[in-house]
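Engineer: This one is final.txt, compact mmCIF, N, CA and C atoms and all ligand atoms.
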```
# COMPACT_ATOMS: atom_id res chain seq x y z
N MET M 1 -32.05 26.57 6.29
CA MET M 1 -31.05 25.73 6.95
C MET M 1 -29.72 26.48 7.01
N SER M 2 -29.11 26.45 8.15
CA SER M 2 -27.82 27.14 8.28
C SER M 2 -26.81 26.21 8.93
N THR M 3 -26.82 24.97 8.46
CA THR M 3 -25.89 24.00 9.01
C THR M 3 -24.49 24.27 8.48
N VAL M 4 -23.53 24.23 9.38
CA VAL M 4 -22.16 24.44 8.95
C VAL M 4 -21.28 23.34 9.52
N ARG M 5 -20.20 23.10 8.83
CA ARG M 5 -19.20 22.16 9.32
C ARG M 5 -18.03 22.97 9.86
N GLU M 6 -17.46 22.47 10.94
CA GLU M 6 -16.28 23.12 11.48
C GLU M 6 -15.05 22.38 10.96
N GLU M 7 -14.18 23.13 10.33
CA GLU M 7 -12.94 22.54 9.81
C GLU M 7 -11.78 23.28 10.44
N GLN M 8 -10.66 22.56 10.50
CA GLN M 8 -9.47 23.20 11.05
C GLN M 8 -8.49 23.48 9.93
N CYS M 9 -8.01 24.71 9.90
CA CYS M 9 -7.07 25.12 8.86
C CYS M 9 -5.76 24.38 9.04
N ILE M 10 -5.30 23.73 7.95
CA ILE M 10 -4.05 22.98 8.04
C ILE M 10 -2.84 23.91 8.00
N GLN M 11 -3.10 25.16 7.68
CA GLN M 11 -1.97 26.09 7.54
C GLN M 11 -1.70 26.86 8.82
N CYS M 12 -2.77 27.38 9.45
CA CYS M 12 -2.55 28.18 10.65
C CYS M 12 -3.24 27.58 11.87
N GLY M 13 -4.03 26.50 11.66
CA GLY M 13 -4.65 25.83 12.79
C GLY M 13 -5.93 26.46 13.29
N ALA M 14 -6.35 27.55 12.65
CA ALA M 14 -7.58 28.21 13.08
C ALA M 14 -8.79 27.38 12.67
N THR M 15 -9.85 27.51 13.44
CA THR M 15 -11.09 26.82 13.09
C THR M 15 -11.92 27.73 12.20
N PHE M 16 -12.42 27.18 11.12
CA PHE M 16 -13.28 27.96 10.24
C PHE M 16 -14.48 27.13 9.87
N GLN M 17 -15.49 27.80 9.36
CA GLN M 17 -16.74 27.12 9.08
C GLN M 17 -16.99 27.01 7.58
N VAL M 18 -17.51 25.86 7.21
CA VAL M 18 -17.88 25.63 5.81
C VAL M 18 -19.38 25.38 5.79
N SER M 19 -20.08 26.16 5.02
CA SER M 19 -21.53 25.97 4.96
C SER M 19 -21.85 24.64 4.30
N LEU M 20 -22.97 24.06 4.68
CA LEU M 20 -23.35 22.77 4.13
C LEU M 20 -23.55 22.87 2.63
N GLU M 21 -24.04 24.02 2.18
CA GLU M 21 -24.23 24.22 0.75
C GLU M 21 -22.91 24.11 0.00
N GLU M 22 -21.89 24.80 0.56
CA GLU M 22 -20.58 24.75 -0.09
C GLU M 22 -20.04 23.33 -0.05
N PHE M 23 -20.23 22.68 1.08
CA PHE M 23 -19.75 21.32 1.26
C PHE M 23 -20.33 20.39 0.21
N ILE M 24 -21.65 20.46 0.03
CA ILE M 24 -22.32 19.59 -0.94
C ILE M 24 -21.92 19.96 -2.36
N TYR M 25 -21.80 21.26 -2.61
CA TYR M 25 -21.41 21.72 -3.94
C TYR M 25 -20.06 21.13 -4.33
N LYS M 26 -19.12 21.18 -3.39
CA LYS M 26 -17.78 20.68 -3.69
C LYS M 26 -17.82 19.18 -3.92
N LEU M 27 -18.59 18.47 -3.11
CA LEU M 27 -18.68 17.02 -3.29
C LEU M 27 -19.28 16.70 -4.65
N ASP M 28 -20.35 17.40 -4.99
CA ASP M 28 -21.04 17.16 -6.25
C ASP M 28 -20.12 17.37 -7.44
N HIS M 29 -19.24 18.34 -7.34
CA HIS M 29 -18.38 18.68 -8.46
C HIS M 29 -17.01 18.02 -8.36
N GLY M 30 -16.87 17.09 -7.43
CA GLY M 30 -15.60 16.40 -7.30
C GLY M 30 -14.46 17.31 -6.91
N MET M 31 -14.80 18.40 -6.22
CA MET M 31 -13.76 19.34 -5.82
C MET M 31 -13.28 18.99 -4.43
N LYS M 32 -12.06 19.45 -4.14
CA LYS M 32 -11.52 19.21 -2.81
C LYS M 32 -12.20 20.13 -1.81
N LEU M 33 -12.41 19.61 -0.64
CA LEU M 33 -12.98 20.46 0.40
C LEU M 33 -11.90 21.40 0.90
N PRO M 34 -12.31 22.60 1.29
CA PRO M 34 -11.32 23.56 1.76
C PRO M 34 -10.63 23.06 3.01
N LYS M 35 -9.31 23.16 3.00
CA LYS M 35 -8.54 22.73 4.17
C LYS M 35 -7.92 23.92 4.87
N ARG M 36 -8.14 25.09 4.29
CA ARG M 36 -7.55 26.29 4.87
C ARG M 36 -8.63 27.33 5.12
N CYS M 37 -8.39 28.16 6.10
CA CYS M 37 -9.34 29.22 6.39
C CYS M 37 -9.27 30.28 5.29
N LYS M 38 -10.24 31.16 5.31
CA LYS M 38 -10.32 32.14 4.22
C LYS M 38 -9.08 33.03 4.18
N ASP M 39 -8.55 33.36 5.33
CA ASP M 39 -7.36 34.21 5.37
C ASP M 39 -6.20 33.55 4.63
N CYS M 40 -5.98 32.27 4.93
CA CYS M 40 -4.86 31.57 4.32
C CYS M 40 -5.11 31.37 2.83
N ARG M 41 -6.37 31.11 2.47
CA ARG M 41 -6.67 30.92 1.05
C ARG M 41 -6.39 32.21 0.28
N ARG M 42 -6.74 33.34 0.90
CA ARG M 42 -6.50 34.61 0.22
C ARG M 42 -5.01 34.89 0.11
N LYS M 43 -4.30 34.56 1.17
CA LYS M 43 -2.84 34.77 1.15
C LYS M 43 -2.22 33.89 0.07
N ASN M 44 -2.67 32.64 -0.01
CA ASN M 44 -2.10 31.74 -1.01
C ASN M 44 -2.41 32.20 -2.41
N ARG M 45 -3.57 32.85 -2.57
CA ARG M 45 -3.95 33.30 -3.90
C ARG M 45 -3.03 34.42 -4.38
N GLU M 46 -2.57 35.22 -3.40
CA GLU M 46 -1.71 36.33 -3.77
C GLU M 46 -0.35 35.83 -4.26
N THR M 47 0.09 34.71 -3.69
CA THR M 47 1.34 34.11 -4.16
C THR M 47 0.99 32.82 -4.89
N PRO M 48 1.27 32.77 -6.18
CA PRO M 48 0.90 31.61 -6.99
C PRO M 48 1.37 30.30 -6.36
N ASP M 49 0.43 29.35 -6.27
CA ASP M 49 0.72 28.07 -5.63
C ASP M 49 0.59 26.93 -6.64
N PRO M 50 1.68 26.23 -6.91
CA PRO M 50 1.62 25.16 -7.90
C PRO M 50 0.78 23.97 -7.45
N TYR M 51 0.41 23.95 -6.18
CA TYR M 51 -0.35 22.81 -5.68
C TYR M 51 -1.83 23.12 -5.56
N LEU M 52 -2.33 23.95 -6.41
CA LEU M 52 -3.73 24.33 -6.32
C LEU M 52 -4.66 23.17 -6.59
N GLY M 53 -4.19 22.17 -7.32
CA GLY M 53 -5.02 20.99 -7.54
C GLY M 53 -6.12 21.19 -8.55
N ILE M 54 -6.21 22.39 -9.09
CA ILE M 54 -7.27 22.63 -10.07
C ILE M 54 -7.00 21.83 -11.34
N ARG M 55 -5.74 21.74 -11.71
CA ARG M 55 -5.42 21.00 -12.93
C ARG M 55 -5.81 19.53 -12.80
N GLN M 56 -5.64 18.98 -11.60
CA GLN M 56 -6.02 17.58 -11.40
C GLN M 56 -7.50 17.39 -11.62
N VAL M 57 -8.29 18.32 -11.10
CA VAL M 57 -9.73 18.23 -11.26
C VAL M 57 -10.09 18.34 -12.73
N MET M 58 -9.42 19.25 -13.43
CA MET M 58 -9.70 19.44 -14.85
C MET M 58 -9.41 18.15 -15.63
N ARG M 59 -8.39 17.43 -15.20
CA ARG M 59 -8.03 16.20 -15.90
C ARG M 59 -9.10 15.14 -15.70
N GLN M 60 -9.73 15.16 -14.51
CA GLN M 60 -10.77 14.17 -14.24
C GLN M 60 -12.02 14.44 -15.08
N TYR M 61 -12.22 15.70 -15.41
CA TYR M 61 -13.41 16.07 -16.16
C TYR M 61 -13.00 16.78 -17.44
N PRO M 62 -12.58 16.00 -18.44
CA PRO M 62 -12.13 16.63 -19.68
C PRO M 62 -13.27 17.41 -20.34
N SER M 63 -12.87 18.40 -21.11
CA SER M 63 -13.86 19.28 -21.71
C SER M 63 -14.68 18.58 -22.79
N THR M 64 -14.23 17.37 -23.17
CA THR M 64 -14.97 16.66 -24.21
C THR M 64 -16.22 16.00 -23.64
N LYS M 65 -16.31 16.01 -22.31
CA LYS M 65 -17.48 15.41 -21.67
C LYS M 65 -18.73 16.17 -22.04
N GLY M 66 -19.78 15.46 -22.32
CA GLY M 66 -21.01 16.15 -22.66
C GLY M 66 -21.88 15.25 -23.53
N PRO M 67 -23.05 15.74 -23.84
CA PRO M 67 -23.95 14.93 -24.68
C PRO M 67 -23.34 14.69 -26.05
N ARG M 68 -23.50 13.47 -26.52
CA ARG M 68 -22.92 13.14 -27.82
C ARG M 68 -23.78 13.72 -28.94
N HIS M 69 -23.10 14.04 -29.98
CA HIS M 69 -23.81 14.54 -31.16
C HIS M 69 -24.35 13.36 -31.96
N HIS M 70 -25.61 13.35 -32.18
CA HIS M 70 -26.16 12.34 -33.06
C HIS M 70 -26.36 12.99 -34.42
N VAL M 71 -25.55 12.54 -35.34
CA VAL M 71 -25.64 13.14 -36.68
C VAL M 71 -26.57 12.30 -37.54
N HIS M 72 -27.56 12.92 -38.05
CA HIS M 72 -28.50 12.20 -38.91
C HIS M 72 -27.86 11.87 -40.25
N GLY M 73 -28.19 10.72 -40.74
CA GLY M 73 -27.73 10.38 -42.09
C GLY M 73 -28.45 11.28 -43.08
N GLY M 74 -27.87 11.44 -44.22
CA GLY M 74 -28.43 12.38 -45.19
C GLY M 74 -29.82 11.95 -45.64
N VAL M 75 -30.83 12.42 -44.94
CA VAL M 75 -32.21 12.11 -45.35
C VAL M 75 -32.72 13.25 -46.21
N LEU M 76 -32.98 12.96 -47.42
CA LEU M 76 -33.43 14.04 -48.33
C LEU M 76 -34.89 13.90 -48.69
ZN ZN A 1 -5.53 29.51 8.15
```
Could I get this structure in the form of structure tokens?

Structural biologist:
Amino acid sequence: MSTVREEQCIQCGATFQVSLEEFIYKLDHGMKLPKRCKDCRRKNRETPDPYLGIRQVMRQYPSTKGPRHHVHGGVL
């Protein structure tokens, strides 16, 4: 399958494609879908951007999430 979505870059207005795999991956992980083309994303990466939104995602999924530890009582 090579289905792609066409998205428009909010930064430069260029049309870019997002593969369906990437699209589903981002949805599954509660990540934001890319709103910028690869060129703009690379440019933004070179200059630190405080609005990366990664911290927000991290807050939604704290590192304490995970299977609980079941501690056995002292059975001797
Ligand atoms: Zn762009």

Engineer: Give the residues close to ligand ZN 1 (chain A), within 6.5 Å, counting only N, CA and C atoms and all ligand atoms; write them as a list of chain:residue names.

Structural biologist: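 Residues lying within 6.5 Å of ligand ZN 1 (chain A): M:Cys9, M:Ile10, M:Gln11, M:Cys12, M:Gly13, M:Ala14, M:Arg36, M:Cys37, M:Lys38, M:Asp39, M:Cys40, M:Arg41.
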
Engineer: Go ahead and write the selection's residues with N, CA and C atoms as an mmCIF file, in the coordinates of the input.

Structural biologist:
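part_31.cif was written with the following content:
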```cif
data_model
loop_
_atom_site.group_PDB
_atom_site.id
_atom_site.type_symbol
_atom_site.label_atom_id
_atom_site.label_comp_id
_atom_site.auth_asym_id
_atom_site.auth_seq_id
_atom_site.Cartn_x
_atom_site.Cartn_y
_atom_site.Cartn_z
ATOM 1 N N CYS M 9 -8.010 24.710 9.900
ATOM 2 C CA CYS M 9 -7.070 25.120 8.860
ATOM 3 C C CYS M 9 -5.760 24.380 9.040
ATOM 4 N N ILE M 10 -5.300 23.730 7.950
ATOM 5 C CA ILE M 10 -4.050 22.980 8.040
ATOM 6 C C ILE M 10 -2.840 23.910 8.000
ATOM 7 N N GLN M 11 -3.100 25.160 7.680
ATOM 8 C CA GLN M 11 -1.970 26.090 7.540
ATOM 9 C C GLN M 11 -1.700 26.860 8.820
ATOM 10 N N CYS M 12 -2.770 27.380 9.450
ATOM 11 C CA CYS M 12 -2.550 28.180 10.650
ATOM 12 C C CYS M 12 -3.240 27.580 11.870
ATOM 13 N N GLY M 13 -4.030 26.500 11.660
ATOM 14 C CA GLY M 13 -4.650 25.830 12.790
ATOM 15 C C GLY M 13 -5.930 26.460 13.290
ATOM 16 N N ALA M 14 -6.350 27.550 12.650
ATOM 17 C CA ALA M 14 -7.580 28.210 13.080
ATOM 18 C C ALA M 14 -8.790 27.380 12.670
ATOM 19 N N ARG M 36 -8.140 25.090 4.290
ATOM 20 C CA ARG M 36 -7.550 26.290 4.870
ATOM 21 C C ARG M 36 -8.630 27.330 5.120
ATOM 22 N N CYS M 37 -8.390 28.160 6.100
ATOM 23 C CA CYS M 37 -9.340 29.220 6.390
ATOM 24 C C CYS M 37 -9.270 30.280 5.290
ATOM 25 N N LYS M 38 -10.240 31.160 5.310
ATOM 26 C CA LYS M 38 -10.320 32.140 4.220
ATOM 27 C C LYS M 38 -9.080 33.030 4.180
ATOM 28 N N ASP M 39 -8.550 33.360 5.330
ATOM 29 C CA ASP M 39 -7.360 34.210 5.370
ATOM 30 C C ASP M 39 -6.200 33.550 4.630
ATOM 31 N N CYS M 40 -5.980 32.270 4.930
ATOM 32 C CA CYS M 40 -4.860 31.570 4.320
ATOM 33 C C CYS M 40 -5.110 31.370 2.830
ATOM 34 N N ARG M 41 -6.370 31.110 2.470
ATOM 35 C CA ARG M 41 -6.670 30.920 1.050
ATOM 36 C C ARG M 41 -6.390 32.210 0.280
#
```

Engineer: Please identify all polymer residues within 8 Å of M:Glu6, counting only N, CA and C atoms, omitting same-chain residues fewer than 6 positions from it, and present them as a ChimeraX atom specification.

Structural biologist: /M:15-19

Engineer: What is the atom C of M:Lys26 to atom C of M:Gln8 distance in Å?

Structural biologist: 17.2 Å

Engineer: Please, what distance in Å, to one decimal, runs between atom CA of M:Thr47 and atom C of M:Leu33?

Structural biologist: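 Distance between the two atoms: 19.0 Å.
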
Engineer: Work out how far atom CA of M:Thr3 is from atom CA of M:Met58, in Å to one decimal.

Structural biologist: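 Computed distance, atom CA of M:Met58 to atom CA of M:Thr3, equals 29.2 Å.
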
Engineer: From the list M:Gly30, M:Lys43, M:Glu7, M:Leu20, which residue is nearest M:Val57 when using all atoms listed in the file?

Structural biologist: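 Of the candidates, the smallest distance to M:Val57 is held by M:Gly30.
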
Engineer: Build an axis-aligned box that encloses every atom of stretch 12-15 of chain M listed in the file, pad it by 4 Å on each side, and report its centre and edge lengths in Å to one decimal, as JSON.

Structural biologist:
```
{"center_x": -7.2, "center_y": 27.0, "center_z": 11.4, "size_x": 17.4, "size_y": 10.4, "size_z": 12.0}
```
